[in-house]
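To start, the structure under review is shown below, and the notes come after it.
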Number of protein chains: 2
Amino acid sequence: MTDIFFDVEKHSDHQKFLKGMELLYFAYRDFISWPDDVLQTLGFGRAHHRVLHFVGRNPGLKVAELLKLLNITKQSLSRVLSTLVEKGHIRQDIGAQDRRQRLLYLTDQGKILLNKVAEHQKDHMLKAFNNAGTQSVEGFWHVLSALIADENRDDILSQINRDMGE
Amino acid sequence: MTDIFFDVEKHSDHQKFLKGMELLYFAYRDFISWPDDVLQTLGFGRAHHRVLHFVGRNPGLKVAELLKLLNITKQSLSRVLSTLVEKGHIRQDIGAQDRRQRLLYLTDQGKILLNKVAEHQKDHMLKAFNNAGTQSVEGFWHVLSALIADENRDDILSQINRDMGE
DNA sequence: AAAAATATGTCAGTCATGTTGACATATTTA
DNA sequence: TAAATATGTCAACATGACTGACATATTTTT
């Protein structure tokens, strides 16, 4: 376990950078590479998955807020969101105070789909967390938080900290 | 610093999963969102950057090996690699033992470009590492390694561990 | 020596996801 | 009433992936 591979002190700055970047690249790639199976059958892709995820995490999310989380234009979102609404996975309610707003919710069908998709990823991540150990997970979270752009960090961390259910 | 946000033990499995996934998503997004400026001016995109990176890291890399690292088809690689060769950033030498192979190297011009592009990312990551601290970086690496798909882990870790220069 | 396998490249068509720009509609605010 | 805001939509385009089919040079097998 005192593997030299993980001994940060034995790395130059450049080596730390390379190792961090490549590990991040490969880990991210392998982590998001799977959901396709479930979604592809329904004609959905990653974009749909992201929308399902954020709406599931933030019931009543406004379209403008979703756009900010996704960092895309409304035109890009449009296609994806429309099909999810058409196929009955997402419901749009008219805002109570402001009737211009559309508040987004998962339908029961949408919840089922999201659960099915999340299951694999959840297993994947929890297995990794267990293998790495609690201490490492804490470090993982710390570094990831530090990697978020300064202008975004506060917003994003409080978004992540929203009611996590269960 | 004993922030409840980072206290892993205080999280249910589902909460660990959500926090890990969302942090990974936002951190990755912000980390790779920048190189565009430098590359876009030259008509290059992320795909070109990845090729420059891996060829830079593995001088003499064979095309087949590059394809495996990138996880894409040769047709996809073709356009990207061709333009990099045309514009003088990458050189293809014929294999010494096996003349069918093309061994890839950065030209001096390619090295300059890659350095320029890597500079920002390197600052970004090292700043995050310094803010998070050595202990956290080690945990970061551990978790990322664990997140790599089992079938790929050995190959990838030894790839990452290749001569890291400097 | 001929046949099969391998490493690479290329043409052509398609798809998913992002972009801009222009405009439309409903609703709220000034 | 006029202006601002939240959302949606049409059209054109870019990037980076994909599949399928085929070509060429070279090495390996028979």
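By convention here, the chains of the structure tokens are called A, B, ... in the order presented, each chain's residues are numbered starting at 1, and ligands are numbered starting at 1 in the order presented.
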Applying 9 Å and only C-alpha atoms (C1' of nucleotides), which residues near B:Leu67 remain after dropping the ones on its own chain fewer than 6 positions away? List them as a PyMOL selection string. chain B and resi 73-74+77
I'd like to know which residues of chain A are strand (DSSP E) (by DSSP, run on the backbone); could you write them as a ChimeraX atom specification? /A:61-62,90-94,102-106
Could you take the residues named above and write them with all heavy atoms, as a compact mmCIF listing (two decimals), in the first residue's frame?
# COMPACT_ATOMS: atom_id res chain seq x y z
N LEU A 61 -37.10 22.19 -10.51
CA LEU A 61 -36.04 22.99 -11.14
C LEU A 61 -36.61 23.82 -12.27
O LEU A 61 -37.43 23.35 -13.06
CB LEU A 61 -34.99 22.03 -11.69
CG LEU A 61 -33.65 22.60 -12.12
CD1 LEU A 61 -32.89 23.14 -10.91
CD2 LEU A 61 -32.82 21.53 -12.82
N LYS A 62 -36.17 25.08 -12.36
CA LYS A 62 -36.59 25.92 -13.48
C LYS A 62 -35.68 25.67 -14.67
O LYS A 62 -34.51 25.30 -14.51
CB LYS A 62 -36.51 27.40 -13.09
CG LYS A 62 -37.53 27.80 -12.04
CD LYS A 62 -37.18 29.15 -11.44
CE LYS A 62 -37.72 29.26 -10.02
NZ LYS A 62 -36.78 29.96 -9.10
N ILE A 90 -40.60 13.35 -18.06
CA ILE A 90 -40.52 14.61 -17.33
C ILE A 90 -41.81 15.40 -17.51
O ILE A 90 -42.42 15.38 -18.59
CB ILE A 90 -39.30 15.44 -17.80
CG1 ILE A 90 -38.01 14.80 -17.27
CG2 ILE A 90 -39.41 16.90 -17.34
CD1 ILE A 90 -36.76 15.60 -17.56
N ARG A 91 -42.21 16.04 -16.43
CA ARG A 91 -43.43 16.84 -16.41
C ARG A 91 -43.03 18.30 -16.23
O ARG A 91 -42.06 18.60 -15.52
CB ARG A 91 -44.23 16.39 -15.19
CG ARG A 91 -45.68 16.83 -15.16
CD ARG A 91 -46.34 16.32 -13.88
NE ARG A 91 -46.02 17.15 -12.73
CZ ARG A 91 -45.58 16.69 -11.57
NH1 ARG A 91 -45.37 15.39 -11.40
NH2 ARG A 91 -45.31 17.50 -10.57
N GLN A 92 -43.73 19.22 -16.91
CA GLN A 92 -43.44 20.64 -16.75
C GLN A 92 -44.65 21.32 -16.14
O GLN A 92 -45.69 21.43 -16.80
CB GLN A 92 -43.16 21.29 -18.11
CG GLN A 92 -41.98 20.69 -18.85
CD GLN A 92 -41.79 21.33 -20.19
OE1 GLN A 92 -42.57 21.14 -21.12
NE2 GLN A 92 -40.73 22.11 -20.32
N ASP A 93 -44.51 21.81 -14.92
CA ASP A 93 -45.61 22.55 -14.30
C ASP A 93 -45.38 24.04 -14.46
O ASP A 93 -44.24 24.51 -14.47
CB ASP A 93 -45.71 22.21 -12.81
CG ASP A 93 -46.23 20.81 -12.58
OD1 ASP A 93 -46.46 20.11 -13.59
OD2 ASP A 93 -46.39 20.42 -11.41
N ILE A 94 -46.46 24.76 -14.57
CA ILE A 94 -46.35 26.21 -14.65
C ILE A 94 -46.11 26.78 -13.26
O ILE A 94 -46.73 26.36 -12.29
CB ILE A 94 -47.65 26.80 -15.26
CG1 ILE A 94 -47.71 26.41 -16.75
CG2 ILE A 94 -47.69 28.31 -15.10
CD1 ILE A 94 -48.94 26.89 -17.45
N ARG A 102 -41.35 27.29 -16.16
CA ARG A 102 -41.75 25.88 -16.23
C ARG A 102 -40.94 25.15 -15.16
O ARG A 102 -39.71 25.14 -15.21
CB ARG A 102 -41.42 25.29 -17.60
CG ARG A 102 -42.19 25.86 -18.77
CD ARG A 102 -43.68 25.64 -18.64
NE ARG A 102 -44.39 26.91 -18.52
CZ ARG A 102 -44.93 27.57 -19.54
NH1 ARG A 102 -44.90 27.09 -20.74
NH2 ARG A 102 -45.55 28.71 -19.34
N LEU A 103 -41.62 24.55 -14.22
CA LEU A 103 -40.94 23.79 -13.16
C LEU A 103 -40.89 22.33 -13.56
O LEU A 103 -41.92 21.74 -13.92
CB LEU A 103 -41.69 23.97 -11.84
CG LEU A 103 -41.98 25.43 -11.47
CD1 LEU A 103 -42.62 25.51 -10.09
CD2 LEU A 103 -40.72 26.27 -11.53
N LEU A 104 -39.71 21.77 -13.50
CA LEU A 104 -39.50 20.42 -14.03
C LEU A 104 -39.53 19.37 -12.92
O LEU A 104 -38.94 19.57 -11.85
CB LEU A 104 -38.16 20.36 -14.77
CG LEU A 104 -37.98 21.43 -15.86
CD1 LEU A 104 -36.56 21.38 -16.43
CD2 LEU A 104 -39.01 21.23 -16.97
N TYR A 105 -40.22 18.29 -13.21
CA TYR A 105 -40.32 17.15 -12.29
C TYR A 105 -40.19 15.85 -13.07
O TYR A 105 -40.63 15.77 -14.22
CB TYR A 105 -41.68 17.14 -11.59
CG TYR A 105 -41.95 18.35 -10.72
CD1 TYR A 105 -42.55 19.49 -11.25
CD2 TYR A 105 -41.60 18.34 -9.37
CE1 TYR A 105 -42.80 20.60 -10.46
CE2 TYR A 105 -41.84 19.45 -8.56
CZ TYR A 105 -42.45 20.58 -9.11
OH TYR A 105 -42.68 21.66 -8.33
N LEU A 106 -39.62 14.84 -12.43
CA LEU A 106 -39.66 13.50 -13.01
C LEU A 106 -41.06 12.94 -12.81
O LEU A 106 -41.65 13.10 -11.74
CB LEU A 106 -38.66 12.57 -12.31
CG LEU A 106 -37.17 12.84 -12.53
CD1 LEU A 106 -36.37 11.69 -11.94
CD2 LEU A 106 -36.85 13.00 -14.00
Can you tell me which residues surround D:DA17 at a distance of at most 10 Å, considering only C-alpha atoms (C1' of nucleotides), apart from same-chain residues fewer than 2 positions away, and format the answer as a PyMOL selection string? (chain B and resi 72-73+75-77) or (chain C and resi 15-16) or (chain D and resi 15)
Using only C-alpha atoms (C1' of nucleotides), find each residue in chain D having at least one atom no more than 12 Å away from chain B; report its shortest atom-to-atom pair and that distance in Å (one decimal), rows by chain then rising number, as CSV.
residue,atom,partner,partner_atom,distance
D:DA14,C1',B:Gly45,CA,10.7
D:DT15,C1',B:Gly45,CA,7.9
D:DG16,C1',B:Ala47,CA,7.4
D:DA17,C1',B:Ser76,CA,6.8
D:DC18,C1',B:Thr73,CA,8.1
D:DT19,C1',B:Gln75,CA,9.9
D:DG20,C1',B:Gln75,CA,11.3
D:DT24,C1',B:Arg100,CA,10.2
D:DA25,C1',B:Arg100,CA,6.6
D:DT26,C1',B:Arg100,CA,5.5
D:DT27,C1',B:Asp98,CA,7.6
D:DT28,C1',B:Asp98,CA,11.7
Selection export as a short mmCIF file (atom, residue, chain, number, x, y, z; two decimals), in the first residue's frame, atoms kept: N, CA and C atoms (P, O5', C5', C4', C3', O3' and C1' of nucleotides):
data_model
loop_
_atom_site.label_atom_id
_atom_site.label_comp_id
_atom_site.auth_asym_id
_atom_site.auth_seq_id
_atom_site.Cartn_x
_atom_site.Cartn_y
_atom_site.Cartn_z
P DA D 14 -19.67 25.01 -40.78
"O5'" DA D 14 -19.27 24.41 -39.36
"C5'" DA D 14 -19.09 25.29 -38.26
"C4'" DA D 14 -18.58 24.50 -37.08
"C3'" DA D 14 -17.51 23.48 -37.44
"O3'" DA D 14 -16.49 23.55 -36.46
"C1'" DA D 14 -19.36 22.38 -36.42
P DT D 15 -15.13 22.74 -36.62
"O5'" DT D 15 -15.30 21.59 -35.55
"C5'" DT D 15 -15.83 21.90 -34.28
"C4'" DT D 15 -16.10 20.61 -33.54
"C3'" DT D 15 -15.04 19.54 -33.81
"O3'" DT D 15 -14.51 19.19 -32.55
"C1'" DT D 15 -17.23 18.66 -34.01
P DG D 16 -13.17 18.30 -32.43
"O5'" DG D 16 -13.82 16.89 -32.15
"C5'" DG D 16 -14.73 16.76 -31.09
"C4'" DG D 16 -15.42 15.41 -31.19
"C3'" DG D 16 -14.46 14.26 -31.57
"O3'" DG D 16 -14.74 13.18 -30.72
"C1'" DG D 16 -16.31 14.28 -32.98
P DA D 17 -13.60 12.11 -30.41
"O5'" DA D 17 -14.30 10.81 -30.62
"C5'" DA D 17 -14.88 9.87 -30.84
"C4'" DA D 17 -16.32 9.60 -31.19
"C3'" DA D 17 -16.44 8.38 -32.09
"O3'" DA D 17 -16.31 7.20 -31.35
"C1'" DA D 17 -17.95 10.07 -32.75
P DC D 18 -15.88 5.89 -32.05
"O5'" DC D 18 -17.17 5.46 -32.92
"C5'" DC D 18 -18.42 5.29 -32.27
"C4'" DC D 18 -19.47 5.01 -33.35
"C3'" DC D 18 -19.07 3.89 -34.32
"O3'" DC D 18 -19.55 2.66 -33.83
"C1'" DC D 18 -19.89 5.79 -35.51
P DT D 19 -18.95 1.33 -34.48
"O5'" DT D 19 -19.71 1.17 -35.88
"C5'" DT D 19 -21.11 1.28 -35.96
"C4'" DT D 19 -21.53 1.10 -37.42
"C3'" DT D 19 -20.89 -0.11 -38.08
"O3'" DT D 19 -21.92 -0.92 -38.65
"C1'" DT D 19 -20.47 1.87 -39.36
P DG D 20 -21.56 -2.34 -39.27
"O5'" DG D 20 -21.17 -2.01 -40.79
"C5'" DG D 20 -22.03 -1.22 -41.57
"C4'" DG D 20 -21.48 -1.11 -42.97
"C3'" DG D 20 -20.69 -2.34 -43.42
"O3'" DG D 20 -21.05 -2.62 -44.76
"C1'" DG D 20 -19.34 -0.41 -43.64
P DT D 24 -4.88 -0.32 -54.23
"O5'" DT D 24 -3.61 0.04 -53.33
"C5'" DT D 24 -3.69 0.99 -52.27
"C4'" DT D 24 -2.49 0.76 -51.37
"C3'" DT D 24 -1.44 -0.19 -51.96
"O3'" DT D 24 -0.17 0.40 -51.78
"C1'" DT D 24 -2.12 -0.97 -49.83
P DA D 25 1.16 -0.24 -52.39
"O5'" DA D 25 1.97 -0.59 -51.07
"C5'" DA D 25 2.00 0.34 -49.99
"C4'" DA D 25 2.50 -0.37 -48.76
"C3'" DA D 25 3.69 -1.30 -49.02
"O3'" DA D 25 4.67 -0.99 -48.05
"C1'" DA D 25 1.95 -2.49 -47.92
P DT D 26 6.11 -1.65 -48.08
"O5'" DT D 26 5.93 -2.83 -47.03
"C5'" DT D 26 5.55 -2.50 -45.70
"C4'" DT D 26 5.22 -3.76 -44.95
"C3'" DT D 26 6.31 -4.83 -45.01
"O3'" DT D 26 6.85 -4.94 -43.71
"C1'" DT D 26 4.12 -5.76 -45.22
P DT D 27 8.07 -5.87 -43.33
"O5'" DT D 27 7.31 -7.09 -42.62
"C5'" DT D 27 6.42 -6.80 -41.54
"C4'" DT D 27 5.64 -8.05 -41.16
"C3'" DT D 27 6.50 -9.29 -40.92
"O3'" DT D 27 6.10 -9.84 -39.68
"C1'" DT D 27 4.74 -9.81 -42.40
P DT D 28 6.86 -11.03 -38.97
"O5'" DT D 28 5.77 -12.20 -39.08
"C5'" DT D 28 4.40 -11.91 -38.89
"C4'" DT D 28 3.54 -13.13 -39.21
"C3'" DT D 28 4.18 -14.47 -38.87
"O3'" DT D 28 3.18 -15.27 -38.28
"C1'" DT D 28 3.53 -14.45 -41.15
#
Please run DSSP on the backbone and report, as an MDAnalysis selection string, all residues within stretch 38-69 of chain B that come out as helix (DSSP H, G or I). chainID B and resid 38:41 46:57 63:69
Calculated over only C-alpha atoms (C1' of nucleotides), which of the candidates B:Leu81, B:Gly56, B:Phe6, B:Leu24 has the smallest distance to chain C?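 That would be B:Leu81, the residue with the smallest distance to chain C.
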Listing only residues of chain C within 12 Å of chain B, what is the closest atom pair and its distance in Å (to one decimal) for each, using only C-alpha atoms (C1' of nucleotides), sorted by chain and residue number ascending, as a Markdown table?
| residue | atom | partner | partner_atom | distance |
| --- | --- | --- | --- | --- |
| C:DT6 | C1' | B:Arg100 | CA | 8.6 |
| C:DA7 | C1' | B:Arg100 | CA | 5.5 |
| C:DT8 | C1' | B:Arg100 | CA | 7.1 |
| C:DG9 | C1' | B:Ser78 | CA | 7.7 |
| C:DT10 | C1' | B:Gln75 | CA | 8.2 |
| C:DC11 | C1' | B:Gln75 | CA | 10.3 |
| C:DA12 | C1' | B:Gln75 | CA | 11.5 |
Output N, CA and C atoms (P, O5', C5', C4', C3', O3' and C1' of nucleotides) for every residue in the selection just made, as a PDB file, in the first residue's frame.
ATOM      1  P    DT C   6      -4.192 -11.701 -37.396  1.00  0.00           P
ATOM      2  O5'  DT C   6      -3.363 -10.416 -37.807  1.00  0.00           O
ATOM      3  C5'  DT C   6      -1.946 -10.485 -37.802  1.00  0.00           C
ATOM      4  C4'  DT C   6      -1.385  -9.146 -38.207  1.00  0.00           C
ATOM      5  C3'  DT C   6      -2.063  -7.969 -37.503  1.00  0.00           C
ATOM      6  O3'  DT C   6      -1.026  -7.226 -36.896  1.00  0.00           O
ATOM      7  C1'  DT C   6      -1.913  -7.587 -39.822  1.00  0.00           C
ATOM      8  P    DA C   7      -1.309  -5.969 -35.999  1.00  0.00           P
ATOM      9  O5'  DA C   7      -0.970  -4.803 -37.017  1.00  0.00           O
ATOM     10  C5'  DA C   7       0.369  -4.551 -37.409  1.00  0.00           C
ATOM     11  C4'  DA C   7       0.405  -3.205 -38.106  1.00  0.00           C
ATOM     12  C3'  DA C   7      -0.410  -2.128 -37.390  1.00  0.00           C
ATOM     13  O3'  DA C   7       0.376  -0.947 -37.345  1.00  0.00           O
ATOM     14  C1'  DA C   7      -1.175  -2.386 -39.629  1.00  0.00           C
ATOM     15  P    DT C   8      -0.216   0.396 -36.737  1.00  0.00           P
ATOM     16  O5'  DT C   8      -0.871   1.041 -38.039  1.00  0.00           O
ATOM     17  C5'  DT C   8      -0.009   1.484 -39.073  1.00  0.00           C
ATOM     18  C4'  DT C   8      -0.793   1.877 -40.296  1.00  0.00           C
ATOM     19  C3'  DT C   8      -1.701   3.075 -40.116  1.00  0.00           C
ATOM     20  O3'  DT C   8      -1.026   4.211 -40.638  1.00  0.00           O
ATOM     21  C1'  DT C   8      -2.598   1.413 -41.575  1.00  0.00           C
ATOM     22  P    DG C   9      -1.770   5.632 -40.702  1.00  0.00           P
ATOM     23  O5'  DG C   9      -2.711   5.557 -41.996  1.00  0.00           O
ATOM     24  C5'  DG C   9      -2.121   5.390 -43.275  1.00  0.00           C
ATOM     25  C4'  DG C   9      -3.206   5.419 -44.334  1.00  0.00           C
ATOM     26  C3'  DG C   9      -4.186   6.582 -44.184  1.00  0.00           C
ATOM     27  O3'  DG C   9      -4.279   7.243 -45.430  1.00  0.00           O
ATOM     28  C1'  DG C   9      -5.355   4.556 -44.434  1.00  0.00           C
ATOM     29  P    DT C  10      -4.956   8.653 -45.554  1.00  0.00           P
ATOM     30  O5'  DT C  10      -6.125   8.433 -46.607  1.00  0.00           O
ATOM     31  C5'  DT C  10      -6.119   7.301 -47.473  1.00  0.00           C
ATOM     32  C4'  DT C  10      -7.539   7.059 -47.971  1.00  0.00           C
ATOM     33  C3'  DT C  10      -8.491   8.245 -47.770  1.00  0.00           C
ATOM     34  O3'  DT C  10      -9.280   8.382 -48.940  1.00  0.00           O
ATOM     35  C1'  DT C  10      -9.433   6.321 -46.874  1.00  0.00           C
ATOM     36  P    DC C  11      -9.934   9.811 -49.335  1.00  0.00           P
ATOM     37  O5'  DC C  11     -11.340   9.371 -49.961  1.00  0.00           O
ATOM     38  C5'  DC C  11     -11.412   8.179 -50.768  1.00  0.00           C
ATOM     39  C4'  DC C  11     -12.845   7.668 -50.783  1.00  0.00           C
ATOM     40  C3'  DC C  11     -13.872   8.781 -50.610  1.00  0.00           C
ATOM     41  O3'  DC C  11     -14.954   8.596 -51.513  1.00  0.00           O
ATOM     42  C1'  DC C  11     -14.173   7.128 -48.959  1.00  0.00           C
ATOM     43  P    DA C  12     -16.032   9.796 -51.706  1.00  0.00           P
ATOM     44  O5'  DA C  12     -17.416   9.012 -51.571  1.00  0.00           O
ATOM     45  C5'  DA C  12     -17.467   7.679 -51.068  1.00  0.00           C
ATOM     46  C4'  DA C  12     -18.680   7.500 -50.181  1.00  0.00           C
ATOM     47  C3'  DA C  12     -19.513   8.759 -49.927  1.00  0.00           C
ATOM     48  O3'  DA C  12     -20.888   8.420 -50.058  1.00  0.00           O
ATOM     49  C1'  DA C  12     -18.896   7.791 -47.880  1.00  0.00           C
TER      50       DA C  12
END
Pull out every residue of chain B that has at least one atom within 7 Å of chain A, counting only C-alpha atoms, and report them as a ChimeraX atom specification. /B:6-8,15,17,19-20,22-24,26-27,30-31,122,125-126,128-129,131-132,134-149,160,164
Given only C-alpha atoms (C1' of nucleotides) as the counted atoms, nearest of C:DT28, C:DA22, C:DT14, C:DA1 to D:DA6: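 The closest residue to D:DA6 is C:DT28.
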What's the separation between atom CA of A:Gln97 and atom CA of A:Leu52, in Å to one decimal place?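 That distance, rounded to one decimal, is 24.5 Å.
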Contacts of A:Phe44 at 10 Å or less, counting only C-alpha atoms (C1' of nucleotides), minus same-chain residues fewer than 6 places along, as a list of chain:residue names?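 Here the answer would be A:Asp36, A:Asp37, A:Val38, A:Val80, A:Thr83, A:Leu84, C:DA16.
For the atom pair formed by atom C1' of D:DT5 and atom CA of A:Lys68, the distance is 16.2 Å, given to one decimal.
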